[in-house]
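A quick write-up on the structure given underneath.
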Amino acid sequence: MHPDSVYLRLSERERRMAVNAVAGLAPADGLQVQLFASEPNVINPINIDVDHKGRVWALEAYNYRPAVNGKSELGMGDRIVILEDTNQDGVADKTKVFYQGPELQAPLGIWVMGNKAIVSQSPYVWLFTDTDGDDVADKKEVLFKGIGGIQQDAGIHAFVFGPDGKFYFNYGNAGGQLVDGRNRPLLDKYERPINFRPYRQGVVFRCDQDFRKVEILAENFNNSFETAVDSYGTMWQADRGEPGNESDRVSYVMENGNFGYIDEMNGNSWRVDRTNLEDEIPKRHWHQNDPGVVPNLLETGSGLPMGTIVYEGELLPRKYWDQVIVADAGLNSLRAYPVVDQGAGYRSTGVLPILDGLRDKWFRPSDVAVAPDGSLIVSDWYDEVVGEHRMKDRSRGRIFRVAPPNTPYVIPQFDLSIPEQAVQALQSPNLSMRYLAWNACVDHGWAAEPMLEALFRQYNANPKLRARALWVLNRIEGFNSRNLDIGFRELNHNLRITTLRAVRQRNSDPIEYIKRLAADPHPQVRREAALAINHNHTYEALDVWLQLAGQHKGNDRWSVEALSIGAIGQWERIFPAWLARAGSHPEKIPGGSDLIWLARTRKSIPYLERLAADTSVSFKSRLRYFRAFDFFHAGYEKNQALLNMVNVPAADRIQVAKQALLHLDRSFVANSQQGLSVLNRLLDDTYGTEDYIDLVTRYQPRTETERLLQLAISKSGEVIGRDAGALLLDLAGVTYMNERLSSLGQSQKLALLASIQTAGTPEAVYVLRSIALNAGHSLLVREQAARCLGASWPGEEAVVNLLKENRINHSVKEAALEGVQDAFREEIRLALAPYYPTMVEKQAEPESAISDEGKDRKRRKRRKKDS
């Protein structure tokens with residue numbers, strides 16, 4: 001019988017039972033899903049890890065947001081449970097509580113390493129240790145503290161093990177800072193405290209196994225739950241955008257990159273208008289058209305991406321090998337996002353479903369991990385809702401195993417005290433096993449070197465396994481550099497990248513090695529060379545950057561952003577040196593316009609001016625150069641370049657002049673006769689258009705009050721009229737508006753009120769409310785004010801308050817109710833429900849009993865509905 005028909009025949013109560021959990025899921029072809037564990041053994045699993053024995057460590061979040069979801073009845077704090085399958089049937093038959101305590105209140109991340117577990121819960125990161133081998137924590141230490149995001153999902157997240165022997169972790173945009181366990185602020189490698197001042201929003205970190213030498217690897221994410229690191233040391237993350245805007249994303253985490261969640265210069269969100277705005281809202285979330293922002297790999301829609309891995313096993317079908325896999329609780333899905341190389345970066349080739357809640361939308365995959373046998377272990381907090389920090393059912397939770405059909409859960413065993421077996425264990429798809437094997441190999445030192453070298457030089461082996469061997473060789477004391485020399489000559493470009501990354505961790509000044517790759521034929525290797533010279537102020541690094549820039553031919557955003565990262569803090573010396581090679585027209589050489597667009601030095605401004613004013617290309621394609629002016633603070637060079645463009649005769653003169661004025665410093669225009677002259681001329685040229693509104697909004701010239709008034713009245717039924725009305729109220733104030741509403745004719749009053757109906761500002765709500773209550777105005781004007789009042793969210797609230805206070809009479813009340821009849825928010829609709837029956841009764845009166853004015857209102861209402 002088809003799974004759909006089986007599931008549909010179940011009652012609602014039966015569908016929610018754990019025994020039917022698998023029936024609600026749809027695994028991809030070639031895969032089978034098993035229920036590994038469920039309630040009551042595990043509830044609300046928010047994050048998991050699988051240890052070297054194949055046991056699943058589940059971190060529960062029963063106590064998430066008690067202010068919203070209610071307090072725990074248990075009052076004992078959350079648990080860390082260990083779930084074990086002892087008979088290899090893929091189902092846990094043994095459960096232990098590793099730790100439970102009142103301080104555990106909805107932790108977000110767990111990483112297991114033998115008898116230890118790192119648990120992340122803002123404001124702390126703890127290290128729990130089982131000292132006597134009974135699978136119960138006996139010791140707890142504070143590793144980090146002072147982290148923001150308490151009781152929310154944008155705080156500190158899980159740690160993962162990297163192939164270099166370091167720990168990688170992140171926090172969301174509520175994290176804010178990092179302090180060590182002794183309350184000492186942690187410093188980055190430039191001796192700056194790790195807090196919001198130097199770093200923006202969500203941040204990716206790396207540290208040594210002793211939790212020292214904390215590095216910042218990337219910034220300006222919103223809320224990425226987990227960093228995944230492949231065997232080459234390449235990092236990947238899924239990040240959440242604002243719900244409902246299709247803006248979740250998957251990113252290749254370019255080292256030292258800015259990932260664009262907020263505006264670099266002023267901290268604005270994506271909702272604030274800017275020049276060269278992206279065509280698609282998902283891209284606007286991440287400022288994808290701004291110079292200095294690393295591009296997204298892809299946007300994945302509206303969901304809740306959580307656990308992320310790179311699958312480096314071989315048990316699943318081959319199409320999943322080496323791919324990024326994301327557990328998305330909002331999309332009810334576990335899916336892979338395959339990528340291929342594209343220039344200096346990557347390109348997504350689509351979506352590969354692995355496990356979907358097609359039948360059961362309560363399936364909320366919160367994390368995914370790879371077991372030692374190569375199967376996937378997936379946690380599911382299982383709830384009807386996701387988002388808005390709400391939970392409806394905190395009594396459930398499931399853990400699933402995904403593998404090819406009829407695959408027993410057999411865990412490979414290794415004796416890590418034997419070097420040969422330690423090297424074999426290093427090849428495990430499971431991170432916990434690799435962690436133990438990595439440290440065992442380093443401890444064996446020269447005894448493990450022959451086996452590691454054999455693996456590294458096994459040219460027909462998986463390159464990722466060879467990369468793991470090189471990382472360990474790089475950490476063995478007394479290591480001979482011959483393997484690095486081999487790595488730099490490897491045909492596989494990812495192994496050349498791995499070698500450079502290993503050298504950078506080993507050498508304090510790796511510039512001699514970087515120079516060897518500056519002319520590499522593969523653009524990803526050249527990208528890595530550019531990233532490697534970040535904050536390197538040597539002359540050799542300058543030569544490397546110039547050589548790399550000469551190979552950038554345009555049309556590769558990954559390449560240009562890598563060059564940008566390599567030049568951070570060095571543009572004042574790099575740009576003149578590049579100009580000396582590029583000649584008098586650097587904007588015309590291949591890729592030259594990209595470098596001018598990026599350059600953060602005033603020496604680039606004359607060339608930006610040329611590009612922005614070049615009418616041989618479309619105006620839209622030139623907006624990127626106008627946007628680049630935003631990344632310079634006000635100064636003579638910037639202001640003069642923008643004024644020069646205003647006076648250049650061209651077919652698109654008005655568009656160019658508008659952009660130039662929008663990017664000039666406001667105080668400069670206000671205090672410069674030349675600037676004021678240009679502004680006034682352009683206001684005349686653009687009157688009655690959105691360009692006019694933009695200019696008045698920016699410069700606030702009080703001389704435009706009367707023209708705004710006429711525009712608001714004449715175009716009140718159009719967007720431009722409502723923009724003019726809102727701007728007029730903001731510019732001239734409430735007193736001016738009231739004076740005009742007293743002196744104008746009735747039709748003009750109605751139009752002026754309509755022009756401010758969607759403004760939603762306190763001033764607009766005040767004016768509309770006052771007119772609606774003012775018996776000195778005609779009934780028609782009062783009704784118009786009451787009707788317009790409900791056209792904004794703050795206005796809706798004002799209508800509700802007036803109704804509750806019984807402040808408006810019946811005819812004005814009907815108009816007010818008409819204005820809020822399409823209220824979007826549930827709380828407003830509920831508050832209004834008691835008032836609609838009287839309106840229905842009024843409409844049910846015989847036509848003869850309704851006044852002419854009432855008939856007019858009904859006709860207007862019908863016309864509004866029809867339109």
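By order in the structure tokens, chains are A, B, ...; within a chain, residues start at 1; ligands start at 1, following the order shown.
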
Using only C-alpha atoms, find each residue of range 196-287 of chain A with at least one atom at most 7 Å away from an atom of range 165-189 of chain A; report its shortest atom-to-atom pair and that distance in Å (one decimal), sort the rows by chain and rising residue number, and return the result as a Markdown table.
```
| residue | atom | partner | partner_atom | distance |
| --- | --- | --- | --- | --- |
| A:Phe196 | CA | A:Gly176 | CA | 5.3 |
| A:Gln201 | CA | A:Asn173 | CA | 4.1 |
| A:Gly202 | CA | A:Gly172 | CA | 4.2 |
| A:Val203 | CA | A:Asn170 | CA | 5.6 |
| A:Val204 | CA | A:Asn170 | CA | 4.4 |
| A:Phe205 | CA | A:Phe169 | CA | 5.3 |
| A:Arg206 | CA | A:Tyr168 | CA | 4.5 |
| A:Cys207 | CA | A:Phe167 | CA | 5.4 |
| A:Asp208 | CA | A:Lys166 | CA | 4.9 |
| A:Gln209 | CA | A:Lys166 | CA | 5.8 |
| A:Val214 | CA | A:Asp188 | CA | 6.5 |
| A:Glu215 | CA | A:Asp188 | CA | 5.8 |
| A:Ile216 | CA | A:Asp188 | CA | 6.7 |
| A:Phe221 | CA | A:Asn173 | CA | 6.9 |
| A:Asn222 | CA | A:Asn173 | CA | 5.3 |
| A:Asn223 | CA | A:Gly172 | CA | 4.1 |
| A:Ser224 | CA | A:Gly172 | CA | 6.1 |
| A:Glu226 | CA | A:Asn170 | CA | 6.8 |
| A:Thr227 | CA | A:Phe169 | CA | 6.2 |
```

* Can you tell me, as a list in words, what residues are no more than 12 Å from Asp556 in chain A when counting only C-alpha atoms, ignoring any on the same chain fewer than 2 positions away? ->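 So, after excluding close chain neighbours, the residues are Val294, Pro295, Asp341, Gln342, Gly343, Ala344, Gly345, Tyr346, Arg347, Pro523, Gln524, Arg527, Ala549, Gln551, His552, Lys553, Gly554, Trp558, Ser559, Val560, Glu561, Ala562, Leu563, Pro590, Gly591, Asp594 and Leu595 of chain A.
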
Output file for the selection above: N, CA, C and O atoms, as a compact mmCIF listing (two decimals), in the first residue's frame:
```txt
# COMPACT_ATOMS: atom_id res chain seq x y z
N VAL A 294 30.67 39.49 0.53
CA VAL A 294 30.85 38.19 -0.11
C VAL A 294 29.51 37.70 -0.65
O VAL A 294 28.49 37.78 0.05
N PRO A 295 29.46 37.21 -1.88
CA PRO A 295 28.18 36.77 -2.44
C PRO A 295 27.66 35.51 -1.76
O PRO A 295 28.42 34.70 -1.23
N ASP A 341 32.52 24.04 -8.74
CA ASP A 341 33.41 25.19 -8.82
C ASP A 341 32.91 26.17 -9.88
O ASP A 341 32.42 25.77 -10.95
N GLN A 342 33.04 27.45 -9.57
CA GLN A 342 32.75 28.49 -10.55
C GLN A 342 33.70 29.65 -10.31
O GLN A 342 33.57 30.36 -9.32
N GLY A 343 34.65 29.82 -11.21
CA GLY A 343 35.64 30.86 -11.02
C GLY A 343 36.38 30.66 -9.71
O GLY A 343 36.81 29.56 -9.37
N ALA A 344 36.50 31.76 -8.96
CA ALA A 344 37.18 31.69 -7.67
C ALA A 344 36.26 31.21 -6.56
O ALA A 344 36.69 31.11 -5.40
N GLY A 345 35.00 30.91 -6.88
CA GLY A 345 34.05 30.46 -5.87
C GLY A 345 33.29 29.24 -6.32
O GLY A 345 33.86 28.30 -6.91
N TYR A 346 31.98 29.26 -6.07
CA TYR A 346 31.17 28.07 -6.27
C TYR A 346 29.81 28.45 -6.85
O TYR A 346 29.37 29.59 -6.76
N ARG A 347 29.15 27.44 -7.40
CA ARG A 347 27.80 27.61 -7.93
C ARG A 347 26.95 26.45 -7.48
O ARG A 347 27.37 25.29 -7.53
N PRO A 523 41.61 29.55 -10.43
CA PRO A 523 41.21 30.80 -9.75
C PRO A 523 40.92 30.62 -8.26
O PRO A 523 41.08 31.58 -7.50
N GLN A 524 40.51 29.43 -7.82
CA GLN A 524 40.27 29.24 -6.39
C GLN A 524 41.58 29.26 -5.61
O GLN A 524 41.62 29.73 -4.46
N ARG A 527 42.45 32.82 -5.36
CA ARG A 527 41.59 33.40 -4.32
C ARG A 527 42.21 33.20 -2.95
O ARG A 527 42.27 34.12 -2.12
N ALA A 549 45.71 40.78 -9.00
CA ALA A 549 44.79 41.74 -9.62
C ALA A 549 44.95 41.74 -11.13
O ALA A 549 43.97 41.91 -11.87
N GLN A 551 45.43 39.29 -12.95
CA GLN A 551 44.77 38.11 -13.52
C GLN A 551 43.26 38.16 -13.38
O GLN A 551 42.56 37.28 -13.90
N HIS A 552 42.74 39.17 -12.67
CA HIS A 552 41.28 39.33 -12.56
C HIS A 552 40.77 40.04 -13.80
O HIS A 552 41.13 41.18 -14.07
N LYS A 553 39.95 39.35 -14.56
CA LYS A 553 39.46 39.88 -15.83
C LYS A 553 38.00 40.32 -15.78
O LYS A 553 37.40 40.60 -16.80
N GLY A 554 37.42 40.40 -14.57
CA GLY A 554 36.01 40.77 -14.45
C GLY A 554 35.11 39.56 -14.47
O GLY A 554 35.53 38.43 -14.73
N TRP A 558 33.54 36.37 -6.82
CA TRP A 558 34.34 35.73 -5.76
C TRP A 558 35.79 36.23 -5.81
O TRP A 558 36.39 36.50 -4.76
N SER A 559 36.31 36.37 -7.01
CA SER A 559 37.69 36.83 -7.16
C SER A 559 37.85 38.25 -6.66
O SER A 559 38.79 38.56 -5.91
N VAL A 560 36.93 39.12 -7.05
CA VAL A 560 37.08 40.53 -6.67
C VAL A 560 36.91 40.71 -5.17
O VAL A 560 37.59 41.55 -4.55
N GLU A 561 36.05 39.93 -4.54
CA GLU A 561 35.89 40.06 -3.08
C GLU A 561 37.10 39.49 -2.34
O GLU A 561 37.46 39.97 -1.26
N ALA A 562 37.73 38.47 -2.91
CA ALA A 562 38.97 37.98 -2.29
C ALA A 562 40.06 39.04 -2.37
O ALA A 562 40.82 39.25 -1.41
N LEU A 563 40.14 39.73 -3.50
CA LEU A 563 41.11 40.82 -3.62
C LEU A 563 40.79 41.93 -2.63
O LEU A 563 41.69 42.55 -2.05
N PRO A 590 40.49 45.09 -18.58
CA PRO A 590 39.60 44.03 -18.08
C PRO A 590 39.67 43.91 -16.56
O PRO A 590 40.74 43.78 -15.98
N GLY A 591 38.52 43.98 -15.94
CA GLY A 591 38.45 43.87 -14.49
C GLY A 591 38.79 45.14 -13.74
O GLY A 591 38.63 45.19 -12.51
N ASP A 594 36.02 46.81 -11.62
CA ASP A 594 35.73 46.12 -10.36
C ASP A 594 36.64 46.61 -9.25
O ASP A 594 36.21 46.83 -8.11
N LEU A 595 37.91 46.76 -9.56
CA LEU A 595 38.88 47.16 -8.53
C LEU A 595 38.67 48.61 -8.12
O LEU A 595 38.84 48.96 -6.94
```

* Non-local contacts of range 82-90 of chain A (8 Å; only C-alpha atoms; under 3 positions in same chain excluded) as a list in words ->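 Residues meeting the cut-off are Gln34, Leu35, Phe36, Ala37, Gly54, Arg55, Val56, Trp57, Ala58, Asp93, Lys94, Thr95, Lys96, Val97, Phe98, Arg401, Pro408, Tyr409 and Val410 of chain A.
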
Could you give me the residues within range 491-573 of chain A that DSSP places in alpha helix (DSSP H), as a CSV table (one decimal) with C-alpha atoms, in the first residue's frame?
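Output below, filename states24.csv:
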```csv
chain,number,residue,atom,x,y,z
A,493,HIS,CA,43.6,22.3,-6.7
A,494,ASN,CA,41.9,21.7,-3.3
A,495,LEU,CA,45.0,20.0,-2.1
A,496,ARG,CA,47.1,23.0,-3.1
A,497,ILE,CA,44.6,25.2,-1.2
A,498,THR,CA,44.9,22.8,1.8
A,499,THR,CA,48.7,23.1,1.7
A,500,LEU,CA,48.6,26.9,1.7
A,501,ARG,CA,46.1,26.9,4.7
A,502,ALA,CA,48.4,24.5,6.6
A,503,VAL,CA,51.5,26.6,5.9
A,504,ARG,CA,49.7,29.7,7.2
A,505,GLN,CA,48.9,28.0,10.5
A,506,ARG,CA,52.5,26.7,10.7
A,511,ILE,CA,54.7,35.0,2.2
A,512,GLU,CA,57.3,32.9,0.4
A,513,TYR,CA,54.8,30.1,0.1
A,514,ILE,CA,52.0,32.5,-1.0
A,515,LYS,CA,54.2,33.8,-3.8
A,516,ARG,CA,54.4,30.3,-5.2
A,523,PRO,CA,41.2,30.8,-9.7
A,524,GLN,CA,40.3,29.2,-6.4
A,525,VAL,CA,43.9,28.8,-5.5
A,526,ARG,CA,44.6,32.4,-6.5
A,527,ARG,CA,41.6,33.4,-4.3
A,528,GLU,CA,43.3,31.7,-1.4
A,529,ALA,CA,46.5,33.5,-2.0
A,530,ALA,CA,44.6,36.8,-1.9
A,531,LEU,CA,43.0,35.9,1.4
A,532,ALA,CA,46.3,34.9,2.8
A,539,TYR,CA,56.5,44.5,-0.1
A,540,GLU,CA,56.2,40.9,-1.1
A,541,ALA,CA,52.5,40.9,-0.2
A,542,LEU,CA,52.0,44.0,-2.4
A,543,ASP,CA,53.6,42.3,-5.3
A,544,VAL,CA,51.4,39.2,-4.8
A,545,TRP,CA,48.2,41.4,-4.7
A,546,LEU,CA,49.3,43.2,-7.9
A,547,GLN,CA,50.0,39.9,-9.6
A,548,LEU,CA,46.6,38.6,-8.6
A,549,ALA,CA,44.8,41.7,-9.6
A,550,GLY,CA,46.4,41.5,-13.0
A,551,GLN,CA,44.8,38.1,-13.5
A,557,ARG,CA,32.5,38.3,-7.9
A,558,TRP,CA,34.3,35.7,-5.8
A,559,SER,CA,37.7,36.8,-7.2
A,560,VAL,CA,37.1,40.5,-6.7
A,561,GLU,CA,35.9,40.1,-3.1
A,562,ALA,CA,39.0,38.0,-2.3
A,563,LEU,CA,41.1,40.8,-3.6
A,564,SER,CA,39.1,43.2,-1.5
A,565,ILE,CA,39.8,41.1,1.7
A,566,GLY,CA,43.5,40.9,0.8
A,571,TRP,CA,44.4,50.5,-0.1
A,572,GLU,CA,46.4,53.7,0.3
A,573,ARG,CA,49.5,51.8,-0.8
```

* To do: Enter the distance from CA of Ile476 in chain A to CA of Met433 in chain A, in Å, rounded to one decimal.
  => 19.0 Å

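The residue set within 9 Å of Asp51 in chain A, counting only C-alpha atoms and dropping same-chain residues fewer than 5 places from it, reads Val56, Trp57, Trp111, Val112, Met113, Gly114, Ala371, Pro372, Asn430, Leu431, Ser432 and Met433 of chain A.
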
Please provide the set of residues having any atom within 8 Å of Gly819 in chain A, restricted to only C-alpha atoms, with same-chain residues fewer than 3 positions apart removed, written as an mmCIF file with all heavy atoms, in the first residue's frame.
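Result file is result_18.cif:
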```cif
data_model
loop_
_atom_site.group_PDB
_atom_site.id
_atom_site.type_symbol
_atom_site.label_atom_id
_atom_site.label_comp_id
_atom_site.auth_asym_id
_atom_site.auth_seq_id
_atom_site.Cartn_x
_atom_site.Cartn_y
_atom_site.Cartn_z
ATOM 1 N N ALA A 786 -11.730 59.554 9.826
ATOM 2 C CA ALA A 786 -11.904 58.286 10.535
ATOM 3 C C ALA A 786 -11.589 57.108 9.623
ATOM 4 O O ALA A 786 -10.967 56.122 10.045
ATOM 5 C CB ALA A 786 -13.336 58.173 11.062
ATOM 6 N N ARG A 787 -12.009 57.190 8.367
ATOM 7 C CA ARG A 787 -11.758 56.111 7.410
ATOM 8 C C ARG A 787 -10.266 55.973 7.126
ATOM 9 O O ARG A 787 -9.726 54.868 7.048
ATOM 10 C CB ARG A 787 -12.525 56.395 6.128
ATOM 11 C CG ARG A 787 -12.540 55.260 5.109
ATOM 12 C CD ARG A 787 -13.372 55.623 3.890
ATOM 13 N NE ARG A 787 -14.766 55.869 4.274
ATOM 14 C CZ ARG A 787 -15.350 57.057 4.311
ATOM 15 N NH1 ARG A 787 -14.642 58.151 4.001
ATOM 16 N NH2 ARG A 787 -16.603 57.193 4.657
ATOM 17 N N CYS A 788 -9.597 57.098 6.953
ATOM 18 C CA CYS A 788 -8.163 57.079 6.657
ATOM 19 C C CYS A 788 -7.330 56.644 7.860
ATOM 20 O O CYS A 788 -6.214 56.134 7.699
ATOM 21 C CB CYS A 788 -7.703 58.466 6.199
ATOM 22 S SG CYS A 788 -8.368 58.968 4.601
ATOM 23 N N LEU A 789 -7.859 56.841 9.041
ATOM 24 C CA LEU A 789 -7.117 56.510 10.261
ATOM 25 C C LEU A 789 -6.719 55.039 10.294
ATOM 26 O O LEU A 789 -5.629 54.684 10.748
ATOM 27 C CB LEU A 789 -7.957 56.868 11.490
ATOM 28 C CG LEU A 789 -7.302 56.692 12.867
ATOM 29 C CD1 LEU A 789 -6.014 57.509 12.966
ATOM 30 C CD2 LEU A 789 -8.284 57.103 13.959
ATOM 31 N N GLY A 790 -7.578 54.174 9.786
ATOM 32 C CA GLY A 790 -7.301 52.740 9.858
ATOM 33 C C GLY A 790 -6.416 52.202 8.763
ATOM 34 O O GLY A 790 -6.263 50.982 8.637
ATOM 35 N N ALA A 791 -5.801 53.067 7.955
ATOM 36 C CA ALA A 791 -4.995 52.609 6.825
ATOM 37 C C ALA A 791 -3.552 52.283 7.202
ATOM 38 O O ALA A 791 -2.768 51.872 6.353
ATOM 39 C CB ALA A 791 -5.006 53.655 5.716
ATOM 40 N N ALA A 815 -17.589 54.819 9.466
ATOM 41 C CA ALA A 815 -16.467 55.124 8.574
ATOM 42 C C ALA A 815 -15.163 54.557 9.132
ATOM 43 O O ALA A 815 -14.322 54.035 8.387
ATOM 44 C CB ALA A 815 -16.353 56.627 8.383
ATOM 45 N N ALA A 816 -14.976 54.675 10.451
ATOM 46 C CA ALA A 816 -13.763 54.141 11.073
ATOM 47 C C ALA A 816 -13.691 52.632 10.914
ATOM 48 O O ALA A 816 -12.627 52.063 10.608
ATOM 49 C CB ALA A 816 -13.722 54.531 12.551
ATOM 50 N N ASP A 822 -10.218 45.520 6.681
ATOM 51 C CA ASP A 822 -9.236 44.582 6.124
ATOM 52 C C ASP A 822 -7.989 44.489 7.001
ATOM 53 O O ASP A 822 -6.887 44.215 6.505
ATOM 54 C CB ASP A 822 -8.841 45.017 4.713
ATOM 55 C CG ASP A 822 -10.021 44.976 3.759
ATOM 56 O OD1 ASP A 822 -10.837 44.050 3.871
ATOM 57 O OD2 ASP A 822 -10.116 45.884 2.906
#
```

* Do a neighbour search on Glu718 in chain A at 12 Å with only C-alpha atoms, toss out local chain neighbours closer than 3 positions, and write the hits as a ChimeraX atom specification. => /A:688-690,711-715,721-725,751,754-758

Write a file of the selected residues as a PDB file, in the first residue's frame, keeping N, CA, C and O atoms.
```
ATOM      1  N   GLY A 688       6.855  66.391  -9.207  1.00  0.00           N
ATOM      2  CA  GLY A 688       5.766  65.478  -9.527  1.00  0.00           C
ATOM      3  C   GLY A 688       6.195  64.049  -9.737  1.00  0.00           C
ATOM      4  O   GLY A 688       5.383  63.196 -10.105  1.00  0.00           O
ATOM      5  N   THR A 689       7.463  63.731  -9.489  1.00  0.00           N
ATOM      6  CA  THR A 689       7.984  62.375  -9.670  1.00  0.00           C
ATOM      7  C   THR A 689       8.554  61.852  -8.354  1.00  0.00           C
ATOM      8  O   THR A 689       8.761  62.610  -7.398  1.00  0.00           O
ATOM      9  N   GLU A 690       8.846  60.552  -8.336  1.00  0.00           N
ATOM     10  CA  GLU A 690       9.486  59.967  -7.158  1.00  0.00           C
ATOM     11  C   GLU A 690      10.887  60.537  -6.955  1.00  0.00           C
ATOM     12  O   GLU A 690      11.372  60.594  -5.825  1.00  0.00           O
ATOM     13  N   LEU A 711       0.968  68.827  -4.530  1.00  0.00           N
ATOM     14  CA  LEU A 711       1.163  67.465  -5.017  1.00  0.00           C
ATOM     15  C   LEU A 711       0.355  66.466  -4.195  1.00  0.00           C
ATOM     16  O   LEU A 711      -0.254  65.531  -4.729  1.00  0.00           O
ATOM     17  N   ALA A 712       0.334  66.673  -2.877  1.00  0.00           N
ATOM     18  CA  ALA A 712      -0.435  65.790  -2.005  1.00  0.00           C
ATOM     19  C   ALA A 712      -1.919  65.847  -2.334  1.00  0.00           C
ATOM     20  O   ALA A 712      -2.613  64.817  -2.358  1.00  0.00           O
ATOM     21  N   ILE A 713      -2.436  67.019  -2.601  1.00  0.00           N
ATOM     22  CA  ILE A 713      -3.867  67.186  -2.894  1.00  0.00           C
ATOM     23  C   ILE A 713      -4.212  66.649  -4.278  1.00  0.00           C
ATOM     24  O   ILE A 713      -5.169  65.895  -4.454  1.00  0.00           O
ATOM     25  N   SER A 714      -3.412  66.990  -5.263  1.00  0.00           N
ATOM     26  CA  SER A 714      -3.748  66.629  -6.648  1.00  0.00           C
ATOM     27  C   SER A 714      -3.527  65.149  -6.937  1.00  0.00           C
ATOM     28  O   SER A 714      -4.155  64.588  -7.835  1.00  0.00           O
ATOM     29  N   LYS A 715      -2.634  64.500  -6.180  1.00  0.00           N
ATOM     30  CA  LYS A 715      -2.324  63.089  -6.438  1.00  0.00           C
ATOM     31  C   LYS A 715      -2.606  62.218  -5.216  1.00  0.00           C
ATOM     32  O   LYS A 715      -1.946  61.195  -5.001  1.00  0.00           O
ATOM     33  N   GLY A 721       1.230  60.925  -4.367  1.00  0.00           N
ATOM     34  CA  GLY A 721       0.505  61.860  -3.514  1.00  0.00           C
ATOM     35  C   GLY A 721       0.628  61.506  -2.047  1.00  0.00           C
ATOM     36  O   GLY A 721       0.774  62.385  -1.182  1.00  0.00           O
ATOM     37  N   ARG A 722       0.562  60.204  -1.737  1.00  0.00           N
ATOM     38  CA  ARG A 722       0.698  59.792  -0.327  1.00  0.00           C
ATOM     39  C   ARG A 722       2.121  60.014   0.171  1.00  0.00           C
ATOM     40  O   ARG A 722       2.331  60.378   1.327  1.00  0.00           O
ATOM     41  N   ASP A 723       3.091  59.825  -0.710  1.00  0.00           N
ATOM     42  CA  ASP A 723       4.470  60.149  -0.328  1.00  0.00           C
ATOM     43  C   ASP A 723       4.614  61.641  -0.043  1.00  0.00           C
ATOM     44  O   ASP A 723       5.270  62.046   0.928  1.00  0.00           O
ATOM     45  N   ALA A 724       3.990  62.456  -0.890  1.00  0.00           N
ATOM     46  CA  ALA A 724       4.068  63.908  -0.694  1.00  0.00           C
ATOM     47  C   ALA A 724       3.377  64.322   0.590  1.00  0.00           C
ATOM     48  O   ALA A 724       3.876  65.192   1.331  1.00  0.00           O
ATOM     49  N   GLY A 725       2.205  63.726   0.885  1.00  0.00           N
ATOM     50  CA  GLY A 725       1.492  64.064   2.110  1.00  0.00           C
ATOM     51  C   GLY A 725       2.282  63.715   3.350  1.00  0.00           C
ATOM     52  O   GLY A 725       2.377  64.515   4.295  1.00  0.00           O
ATOM     53  N   ALA A 751      -8.913  65.296   0.087  1.00  0.00           N
ATOM     54  CA  ALA A 751      -7.721  64.806  -0.606  1.00  0.00           C
ATOM     55  C   ALA A 751      -6.497  64.860   0.292  1.00  0.00           C
ATOM     56  O   ALA A 751      -5.676  63.933   0.317  1.00  0.00           O
ATOM     57  N   ALA A 754      -6.553  62.054   2.738  1.00  0.00           N
ATOM     58  CA  ALA A 754      -6.215  60.793   2.072  1.00  0.00           C
ATOM     59  C   ALA A 754      -4.720  60.673   1.825  1.00  0.00           C
ATOM     60  O   ALA A 754      -4.163  59.573   1.822  1.00  0.00           O
ATOM     61  N   SER A 755      -4.036  61.796   1.642  1.00  0.00           N
ATOM     62  CA  SER A 755      -2.612  61.752   1.322  1.00  0.00           C
ATOM     63  C   SER A 755      -1.757  61.316   2.515  1.00  0.00           C
ATOM     64  O   SER A 755      -0.605  60.901   2.324  1.00  0.00           O
ATOM     65  N   ILE A 756      -2.272  61.426   3.739  1.00  0.00           N
ATOM     66  CA  ILE A 756      -1.457  61.040   4.907  1.00  0.00           C
ATOM     67  C   ILE A 756      -1.952  59.755   5.553  1.00  0.00           C
ATOM     68  O   ILE A 756      -1.475  59.360   6.616  1.00  0.00           O
ATOM     69  N   GLN A 757      -2.904  59.076   4.909  1.00  0.00           N
ATOM     70  CA  GLN A 757      -3.531  57.926   5.559  1.00  0.00           C
ATOM     71  C   GLN A 757      -2.567  56.767   5.814  1.00  0.00           C
ATOM     72  O   GLN A 757      -2.711  56.041   6.794  1.00  0.00           O
ATOM     73  N   THR A 758      -1.586  56.556   4.945  1.00  0.00           N
ATOM     74  CA  THR A 758      -0.674  55.417   5.117  1.00  0.00           C
ATOM     75  C   THR A 758       0.643  55.788   5.778  1.00  0.00           C
ATOM     76  O   THR A 758       1.517  54.939   5.924  1.00  0.00           O
TER      77      THR A 758
END
```
